[in-house]
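The file target29.pdb comes next; it holds PDB, C-alpha atoms and all ligand atoms.
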```pdb
ATOM      1  CA  MET N 628      63.269  39.041  12.654
ATOM      2  CA  TRP N 629      65.342  39.290  15.848
ATOM      3  CA  THR N 630      69.092  38.760  16.214
ATOM      4  CA  TYR N 631      71.029  37.317  19.163
ATOM      5  CA  GLN N 632      74.803  37.474  19.288
ATOM      6  CA  HIS N 633      76.549  34.544  20.938
ATOM      7  CA  GLN N 634      80.290  34.330  21.316
ATOM      8  CA  ARG N 635      80.916  32.215  18.210
ATOM      9  CA  PHE N 636      77.683  32.548  16.245
ATOM     10  CA  ARG N 637      74.623  34.667  15.625
ATOM     11  CA  VAL N 638      71.041  33.474  15.869
ATOM     12  CA  TYR N 639      68.290  34.997  13.745
ATOM     13  CA  GLN N 640      64.746  34.329  14.898
ATOM     14  CA  ILE N 641      62.040  34.356  12.250
ATOM     15  CA  PRO N 642      58.360  34.106  13.199
ATOM     16  CA  VAL N 643      56.351  32.045  10.699
ATOM     17  CA  LEU N 644      52.837  30.590  10.496
ATOM     18  CA  ARG N 645      50.723  31.277  13.567
ATOM     19  CA  ASP N 646      53.272  30.830  16.312
ATOM     20  CA  ASN N 647      56.338  28.979  14.973
ATOM     21  CA  TYR N 648      59.901  30.235  15.207
ATOM     22  CA  VAL N 649      62.500  29.234  12.651
ATOM     23  CA  TYR N 650      66.121  29.940  13.622
ATOM     24  CA  ILE N 651      69.064  30.659  11.377
ATOM     25  CA  ILE N 652      72.470  30.138  12.986
ATOM     26  CA  GLU N 653      75.394  31.890  11.368
ATOM     27  CA  ASP N 654      78.860  30.652  12.310
ATOM     28  CA  CYS N 655      81.114  33.690  12.750
ATOM     29  CA  HIS N 656      84.264  31.736  11.842
ATOM     30  CA  SER N 657      83.218  29.767   8.760
ATOM     31  CA  GLU N 658      80.703  29.742   5.934
ATOM     32  CA  VAL N 659      78.430  27.392   7.852
ATOM     33  CA  VAL N 660      74.817  28.552   8.181
ATOM     34  CA  LEU N 661      72.220  26.316   9.825
ATOM     35  CA  VAL N 662      68.450  26.546   9.531
ATOM     36  CA  VAL N 663      66.576  25.002  12.439
ATOM     37  CA  ASP N 664      63.172  23.439  11.686
ATOM     38  CA  PRO N 665      62.026  25.351   8.594
ATOM     39  CA  SER N 666      58.232  25.240   8.593
ATOM     40  CA  LEU N 667      58.245  26.990   5.234
ATOM     41  CA  ALA N 668      60.883  27.849   2.648
ATOM     42  CA  GLU N 669      59.810  31.240   1.312
ATOM     43  CA  PRO N 670      60.326  33.438   4.406
ATOM     44  CA  ILE N 671      63.671  31.737   5.027
ATOM     45  CA  ILE N 672      64.874  32.347   1.481
ATOM     46  CA  GLN N 673      63.858  35.994   1.817
ATOM     47  CA  SER N 674      65.626  36.400   5.147
ATOM     48  CA  CYS N 675      68.794  34.734   3.858
ATOM     49  CA  ASN N 676      68.825  36.982   0.813
ATOM     50  CA  LYS N 677      68.412  40.024   3.001
ATOM     51  CA  LEU N 678      71.241  38.841   5.273
ATOM     52  CA  ASN N 679      73.321  37.792   2.293
ATOM     53  CA  ILE N 680      73.947  34.323   3.717
ATOM     54  CA  THR N 681      73.530  30.842   2.232
ATOM     55  CA  PRO N 682      72.309  27.950   4.370
ATOM     56  CA  THR N 683      74.661  24.965   4.309
ATOM     57  CA  HIS N 684      72.565  22.717   6.577
ATOM     58  CA  ILE N 685      69.035  22.295   7.816
ATOM     59  CA  ILE N 686      68.913  20.761  11.275
ATOM     60  CA  ASN N 687      65.593  19.166  12.224
ATOM     61  CA  THR N 688      64.480  18.371  15.756
ATOM     62  CA  HIS N 689      61.593  16.088  14.734
ATOM     63  CA  HIS N 690      59.444  15.053  11.817
ATOM     64  CA  HIS N 691      56.289  17.166  12.262
ATOM     65  CA  TRP N 692      55.258  19.150   9.188
ATOM     66  CA  ASP N 693      55.500  22.528  10.925
ATOM     67  CA  HIS N 694      59.232  21.821  11.364
ATOM     68  CA  THR N 695      60.084  20.171   8.048
ATOM     69  CA  ASP N 696      57.753  21.433   5.318
ATOM     70  CA  GLY N 697      60.387  23.883   4.057
ATOM     71  CA  ASN N 698      63.121  21.223   3.763
ATOM     72  CA  LEU N 699      62.819  20.186   0.121
ATOM     73  CA  GLU N 700      62.416  23.649  -1.326
ATOM     74  CA  LEU N 701      65.397  24.924   0.682
ATOM     75  CA  VAL N 702      67.511  21.970  -0.471
ATOM     76  CA  GLN N 703      66.556  22.719  -4.045
ATOM     77  CA  HIS N 704      67.318  26.390  -3.655
ATOM     78  CA  PHE N 705      70.531  26.274  -1.583
ATOM     79  CA  HIS N 706      71.769  22.689  -2.120
ATOM     80  CA  CYS N 707      72.073  22.335   1.649
ATOM     81  CA  GLU N 708      72.329  19.140   3.692
ATOM     82  CA  VAL N 709      69.554  17.965   6.002
ATOM     83  CA  VAL N 710      70.540  16.698   9.458
ATOM     84  CA  GLY N 711      68.092  14.641  11.495
ATOM     85  CA  ASN N 712      67.597  11.544  13.591
ATOM     86  CA  MET N 713      68.288   8.322  11.665
ATOM     87  CA  ALA N 714      65.325   6.778  13.472
ATOM     88  CA  ASP N 715      63.089   9.257  11.604
ATOM     89  CA  ALA N 716      64.838   8.993   8.230
ATOM     90  CA  GLN N 717      61.567   7.864   6.611
ATOM     91  CA  ARG N 718      59.665  10.845   8.018
ATOM     92  CA  ILE N 719      62.105  13.744   7.521
ATOM     93  CA  PRO N 720      61.964  15.029   3.927
ATOM     94  CA  GLY N 721      65.343  15.307   2.217
ATOM     95  CA  ILE N 722      67.405  13.941   5.107
ATOM     96  CA  SER N 723      71.002  13.506   3.954
ATOM     97  CA  MET N 724      72.928  13.350   7.237
ATOM     98  CA  ALA N 725      71.072  10.798   9.335
ATOM     99  CA  MET N 726      72.471  10.812  12.862
ATOM    100  CA  ASP N 727      72.632   7.600  14.817
ATOM    101  CA  VAL N 728      71.218   8.886  18.096
ATOM    102  CA  PRO N 729      72.308   8.524  20.852
ATOM    103  CA  SER N 730      75.521   6.723  19.813
ATOM    104  CA  GLN N 731      76.618   9.721  17.684
ATOM    105  CA  PRO N 732      76.268  12.432  20.318
ATOM    106  CA  SER N 733      77.942  15.281  18.467
ATOM    107  CA  LEU N 734      78.598  16.779  15.088
ATOM    108  CA  THR N 735      81.100  19.418  14.051
ATOM    109  CA  LEU N 736      80.012  21.833  11.322
ATOM    110  CA  GLY N 737      82.436  24.620  10.503
ATOM    111  CA  ALA N 738      83.624  26.006  13.822
ATOM    112  CA  LEU N 739      80.438  24.890  15.552
ATOM    113  CA  GLU N 740      80.194  21.827  17.731
ATOM    114  CA  LEU N 741      76.643  20.530  17.963
ATOM    115  CA  ARG N 742      75.769  18.268  20.853
ATOM    116  CA  ILE N 743      72.818  16.096  19.977
ATOM    117  CA  LEU N 744      70.493  15.063  22.779
ATOM    118  CA  ASP N 745      68.030  12.213  22.490
ATOM    119  CA  VAL N 746      64.794  13.649  23.934
ATOM    120  CA  PRO N 747      61.865  11.333  23.112
ATOM    121  CA  GLY N 748      58.381  12.212  24.340
ATOM    122  CA  HIS N 749      56.657  14.649  21.973
ATOM    123  CA  THR N 750      57.716  12.230  19.222
ATOM    124  CA  LEU N 751      59.861   9.120  19.651
ATOM    125  CA  GLY N 752      62.654  10.430  17.424
ATOM    126  CA  HIS N 753      62.786  13.953  18.848
ATOM    127  CA  ILE N 754      66.309  15.322  19.283
ATOM    128  CA  ALA N 755      67.676  18.629  20.587
ATOM    129  CA  TYR N 756      70.822  20.496  19.613
ATOM    130  CA  VAL N 757      73.134  22.292  22.026
ATOM    131  CA  ILE N 758      75.671  24.714  20.586
ATOM    132  CA  ASP N 759      77.765  26.356  23.302
ATOM    133  CA  ASP N 760      75.216  28.213  25.446
ATOM    134  CA  ALA N 761      72.255  27.806  23.075
ATOM    135  CA  LEU N 762      69.664  25.037  23.144
ATOM    136  CA  PHE N 763      67.428  24.305  20.157
ATOM    137  CA  CYS N 764      64.780  22.041  21.613
ATOM    138  CA  GLY N 765      61.952  22.032  19.053
ATOM    139  CA  ASP N 766      58.717  20.956  20.724
ATOM    140  CA  THR N 767      60.211  19.332  23.841
ATOM    141  CA  LEU N 768      60.636  22.297  26.193
ATOM    142  CA  PHE N 769      58.624  25.496  25.668
ATOM    143  CA  GLY N 770      58.528  28.783  27.522
ATOM    144  CA  ALA N 771      56.714  27.693  30.712
ATOM    145  CA  GLY N 772      55.535  24.497  29.055
ATOM    146  CA  CYS N 773      56.446  21.290  27.277
ATOM    147  CA  GLY N 774      55.285  19.471  24.163
ATOM    148  CA  ARG N 775      52.299  17.169  24.112
ATOM    149  CA  LEU N 776      53.038  13.468  24.291
ATOM    150  CA  PHE N 777      52.048  12.390  20.788
ATOM    151  CA  GLU N 778      54.278   9.319  20.618
ATOM    152  CA  GLY N 779      56.237   8.925  23.840
ATOM    153  CA  THR N 780      55.381   8.059  27.422
ATOM    154  CA  PRO N 781      55.404  10.388  30.433
ATOM    155  CA  THR N 782      58.484   8.519  31.684
ATOM    156  CA  GLN N 783      60.350   9.259  28.455
ATOM    157  CA  MET N 784      59.342  12.922  28.426
ATOM    158  CA  TRP N 785      60.219  13.381  32.085
ATOM    159  CA  SER N 786      63.674  11.957  31.517
ATOM    160  CA  SER N 787      64.108  14.151  28.408
ATOM    161  CA  LEU N 788      63.118  17.261  30.348
ATOM    162  CA  GLN N 789      65.522  16.348  33.145
ATOM    163  CA  GLN N 790      68.309  16.121  30.575
ATOM    164  CA  LEU N 791      67.524  19.651  29.406
ATOM    165  CA  ALA N 792      67.182  20.955  32.965
ATOM    166  CA  ALA N 793      70.686  19.623  33.679
ATOM    167  CA  LEU N 794      72.206  22.028  31.151
ATOM    168  CA  ASP N 795      73.990  25.109  32.403
ATOM    169  CA  ASP N 796      71.629  27.679  33.968
ATOM    170  CA  ALA N 797      72.681  30.357  31.480
ATOM    171  CA  THR N 798      71.794  28.222  28.448
ATOM    172  CA  GLN N 799      69.424  30.125  26.171
ATOM    173  CA  VAL N 800      66.298  28.171  25.287
ATOM    174  CA  TYR N 801      65.343  28.562  21.630
ATOM    175  CA  CYS N 802      62.141  26.555  21.318
ATOM    176  CA  ALA N 803      60.016  26.249  18.196
ATOM    177  CA  HIS N 804      56.769  27.933  19.261
ATOM    178  CA  GLU N 805      55.593  31.118  20.952
ATOM    179  CA  TYR N 806      53.289  29.438  23.477
ATOM    180  CA  THR N 807      54.593  31.178  26.584
ATOM    181  CA  LEU N 808      51.611  33.342  27.620
ATOM    182  CA  PRO N 809      48.968  30.584  27.496
ATOM    183  CA  ASN N 810      51.467  28.291  29.234
ATOM    184  CA  LEU N 811      51.977  30.881  31.975
ATOM    185  CA  ARG N 812      48.242  31.044  32.614
ATOM    186  CA  PHE N 813      48.303  27.324  33.353
ATOM    187  CA  ALA N 814      51.479  27.703  35.418
ATOM    188  CA  ARG N 815      49.865  30.373  37.619
ATOM    189  CA  ASN N 816      47.095  27.935  38.323
ATOM    190  CA  VAL N 817      49.379  25.232  39.711
ATOM    191  CA  ASP N 818      52.131  27.385  41.258
ATOM    192  CA  ALA N 819      50.238  30.404  42.576
ATOM    193  CA  GLU N 820      52.706  31.468  45.297
ATOM    194  CA  ASN N 821      55.765  31.511  43.016
ATOM    195  CA  THR N 822      57.019  35.115  42.962
ATOM    196  CA  ILE N 823      59.485  34.536  40.108
ATOM    197  CA  LEU N 824      56.580  33.193  38.089
ATOM    198  CA  LYS N 825      54.557  36.329  38.848
ATOM    199  CA  GLN N 826      57.443  38.480  37.648
ATOM    200  CA  ARG N 827      57.743  36.413  34.480
ATOM    201  CA  ILE N 828      54.030  36.771  33.741
ATOM    202  CA  HIS N 829      54.441  40.524  33.989
ATOM    203  CA  THR N 830      57.589  40.695  31.833
ATOM    204  CA  ASP N 831      56.338  38.320  29.133
ATOM    205  CA  THR N 832      52.909  39.971  28.970
ATOM    206  CA  VAL N 833      54.587  43.313  28.331
ATOM    207  CA  SER N 834      56.826  41.735  25.666
ATOM    208  CA  ARG N 835      53.884  40.272  23.791
ATOM    209  CA  ARG N 836      51.922  43.505  24.031
ATOM    210  CA  GLN N 837      54.903  45.170  22.354
ATOM    211  CA  LYS N 838      54.975  42.399  19.743
ATOM    212  CA  GLN N 839      58.301  41.112  21.030
ATOM    213  CA  PRO N 840      59.128  37.413  21.487
ATOM    214  CA  THR N 841      59.321  35.820  24.945
ATOM    215  CA  ILE N 842      61.873  33.402  23.483
ATOM    216  CA  PRO N 843      64.723  32.713  24.075
ATOM    217  CA  SER N 844      64.291  32.117  27.771
ATOM    218  CA  SER N 845      66.943  30.429  29.898
ATOM    219  CA  ILE N 846      67.302  27.083  31.634
ATOM    220  CA  ALA N 847      67.469  28.932  34.961
ATOM    221  CA  LEU N 848      64.153  30.703  34.323
ATOM    222  CA  GLU N 849      62.482  27.519  33.094
ATOM    223  CA  LYS N 850      63.595  25.603  36.188
ATOM    224  CA  GLN N 851      62.129  28.369  38.361
ATOM    225  CA  THR N 852      58.832  28.874  36.534
ATOM    226  CA  ASN N 853      58.016  26.028  34.127
ATOM    227  CA  PRO N 854      55.418  23.790  35.830
ATOM    228  CA  PHE N 855      56.797  20.770  33.973
ATOM    229  CA  LEU N 856      60.255  21.290  35.474
ATOM    230  CA  ARG N 857      59.029  22.345  38.909
ATOM    231  CA  PRO N 858      58.710  18.708  40.076
ATOM    232  CA  LEU N 859      62.538  18.816  40.261
ATOM    233  CA  ASP N 860      62.105  21.111  43.267
ATOM    234  CA  ALA N 861      61.481  19.299  46.562
ATOM    235  CA  GLU N 862      59.550  22.202  48.064
ATOM    236  CA  PHE N 863      57.265  22.375  45.053
ATOM    237  CA  CYS N 864      56.592  18.643  45.353
ATOM    238  CA  ALA N 865      55.854  18.945  49.062
ATOM    239  CA  ALA N 866      53.395  21.788  48.441
ATOM    240  CA  TYR N 867      51.799  19.895  45.571
ATOM    241  CA  ASN N 868      51.331  16.825  47.730
ATOM    242  CA  GLN N 869      49.852  18.888  50.518
ATOM    243  CA  GLN N 870      47.323  20.451  48.152
ATOM    244  CA  SER N 871      46.194  17.119  46.796
ATOM    245  CA  ALA N 872      46.109  15.591  50.272
ATOM    246  CA  ALA N 873      42.850  13.842  49.387
ATOM    247  CA  THR N 874      44.937  11.154  47.726
ATOM    248  CA  GLU N 875      46.843   9.427  50.455
ATOM    249  CA  GLN N 876      49.936   8.322  48.590
ATOM    250  CA  HIS N 877      52.886  10.651  48.280
ATOM    251  CA  LEU N 878      53.407  11.586  44.639
ATOM    252  CA  GLN N 879      56.944  11.364  43.269
ATOM    253  CA  PRO N 880      58.290  13.891  40.715
ATOM    254  CA  LEU N 881      57.407  11.652  37.767
ATOM    255  CA  ASP N 882      53.840  11.208  39.073
ATOM    256  CA  ILE N 883      53.458  14.955  39.502
ATOM    257  CA  PHE N 884      54.814  15.608  36.011
ATOM    258  CA  THR N 885      52.414  13.027  34.576
ATOM    259  CA  GLU N 886      49.457  14.507  36.422
ATOM    260  CA  LEU N 887      50.347  18.062  35.344
ATOM    261  CA  ARG N 888      50.688  17.011  31.697
ATOM    262  CA  GLN N 889      47.246  15.397  31.858
ATOM    263  CA  ARG N 890      45.730  18.453  33.548
ATOM    264  CA  LYS N 891      47.253  20.726  30.901
ATOM    265  CA  ASN N 892      45.765  18.592  28.105
ATOM    266  CA  LYS N 893      42.304  19.166  29.526
ATOM    267  CA  TRP N 894      42.857  22.765  30.522
TER     268      TRP N 894
HETATM  269 ZN    ZN D 901      55.859  18.963  16.901
HETATM  270 FE    FE D 902      55.612  22.130  16.321
END
```
Using structure tokens, write down the structure from this file.
Amino acid sequence: MWTYQHQRFRVYQIPVLRDNYVYIIEDCHSEVVLVVDPSLAEPIIQSCNKLNITPTHIINTHHHWDHTDGNLELVQHFHCEVVGNMADAQRIPGISMAMDVPSQPSLTLGALELRILDVPGHTLGHIAYVIDDALFCGDTLFGAGCGRLFEGTPTQMWSSLQQLAALDDATQVYCAHEYTLPNLRFARNVDAENTILKQRIHTDTVSRRQKQPTIPSSIALEKQTNPFLRPLDAEFCAAYNQQSAATEQHLQPLDIFTELRQRKNKW
């Protein structure tokens, strides 16, 4: 477990299953404790006991089992509420606070103000939570990658990623999986001259060798190195178009994103 101190809350990062991260957010000014996307209950119960804290809410980003399978047991154990997207009320076990997204864009719990972003793409009902300078984005944005499009269209995912990229540069990106190193290998393939990317590959490789997480990253770093955000950069797009000069038409950012997502699927 790793701990990150923010100004008004603490984040505990718990690795579970093969490569999932579950986060516990402890409000420093109230009794509110949030669990983000519990894949399982048991390791979370153990961590909470060790920390001597009691979850008051589960907040889910989307309905997939590796984000919600711990819900019911945690509710039974801690009598906590379950926050999720109303659109996925049938698919999120134990949901008790169904948010009407996007018309209900925020939620105050204790001293914490949660901004809820509607980010369809990986699933149609995927949402992300922003608390001050922390982003909990589930399977939408990953370290140097993005989620697969299981339910949404490339257009939806591209607009969701743009929403996240528009957050403050210093925002810490707490995503739900440790996929960064394989993602970086793909990134190197499409963005070979990027020196910040080369540095990141070095830093993150060392971290993983030392069994440390590469997450959280930051919005600034993702904009500079994540191939799925790089289409926001005009120079990247120009270079991309030059490389694929065989096709005569000039690809727009959405086209490049779409093509990269397809290439990654086959990679
Ligand atoms: Zn998922
Ligand atoms: Fe997942």
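Considering only C-alpha atoms and all ligand atoms, every residue of the polymer chains approaching ligand FE 902 (chain D) to 10 Å or closer is listed here: Asp646, Asn647, Tyr648, Asp664, Ser666, Thr688, His689, His690, His691, Trp692, Asp693, His694, Thr695, His749, Gly765, Asp766, Thr767, Gly774, Arg775, Cys802, Ala803 and His804 of chain N.
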* Report the residues retrieved by the PyMOL selection byres (((chain N and resi 853-857) around 9) and not hetatm) from the displayed file, expressed as a PyMOL selection string. => chain N and resi 768-773+785+788-789+792+810-811+813-815+817-818+824+848-852+858-861+863-864+880+883-885+887-888
Listed atoms of stretch 739-744 of chain N boxed axis-aligned with 3 Å per side, centre + edges as JSON:
```
{"center_x": 75.5, "center_y": 20.0, "center_z": 19.2, "size_x": 15.9, "size_y": 15.8, "size_z": 13.2}
```
* To do: Calculate how many Å separate atom CA of N:Tyr756 from atom CA of N:Ser733, rounding to one decimal.
  => 8.9 Å
* Expansion of the PyMOL selection byres (((chain N and resi 751) around 10) and not hetatm) into residues, as a PyMOL selection string -> chain N and resi 689-690+714-715+745-750+752-754+776-780+783-784
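Between atom CA of N:Arg827 and atom CA of N:Arg812 the interatomic distance comes to 11.1 Å.
You will find atom CA of N:Asp831 at 10.2 Å from atom CA of N:Ser844.
In terms of minimum interatomic distance to ligand ZN 901 (chain D), N:Asp696 ranks closest within N:Cys655, N:Pro642, N:Asp696, N:His633, counting all atoms listed in the file.
If all atoms listed in the file are the atoms counted, then among N:Ala738, N:Cys764, N:Val643, N:Val660 the closest residue to ligand ZN 901 (chain D) is N:Cys764.
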* Ground truth for the PyMOL selection byres (((chain N and resi 682) around 7) and not hetatm), written as JSON, numbers by chain -> {"N": [660, 661, 662, 680, 681, 683, 684, 705, 707]}
* Please provide the set of residues having any atom within 9 Å of N:Val638, restricted to all atoms listed in the file, with same-chain residues fewer than 3 positions apart removed, written as a list in words. => Trp629, Thr630, Tyr631, Gln632, His633, Tyr650, Ile651, Ile652 and Glu653 of chain N
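Proximity to ligand ZN 901 (chain D) was assessed for N:Asn712, N:Asn687, N:Gly697, N:Met628 counting only C-alpha atoms and all ligand atoms; the smallest distance is recorded for N:Asn687.
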* To do: Enumerate, as a ChimeraX atom specification, the protein, DNA and RNA residues whose atoms approach (74.5, 8.5, 16.9) to within 10 Å, taking into account all atoms listed in the file and the coordinate frame of the file.
  => /N:712-714,725-734,743-745
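Among the candidate residues N:Leu808, N:Ala865, N:Val663, N:Val649, the one lying nearest to N:Thr841 is N:Leu808, with distances computed using all atoms listed in the file.
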* Using all atoms listed in the file, can you list as number ranges by chain the residues within 10 Å of (73.0, 24.8, 30.9)? -> N: 757, 759-762, 790-800, 845-847
* Asked: Neighbours of N:Val709 within 9 Å (all atoms listed in the file; same-chain residues fewer than 4 positions away dropped), as an MDAnalysis selection string?
  -> chainID N and resid 683:687 698 702 719:725
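Of the residues under consideration (N:Asp882, N:Glu862, N:Asp654, N:Glu708), N:Asp654 shows the shortest atom-to-atom contact distance to N:Leu739 when counting only C-alpha atoms.
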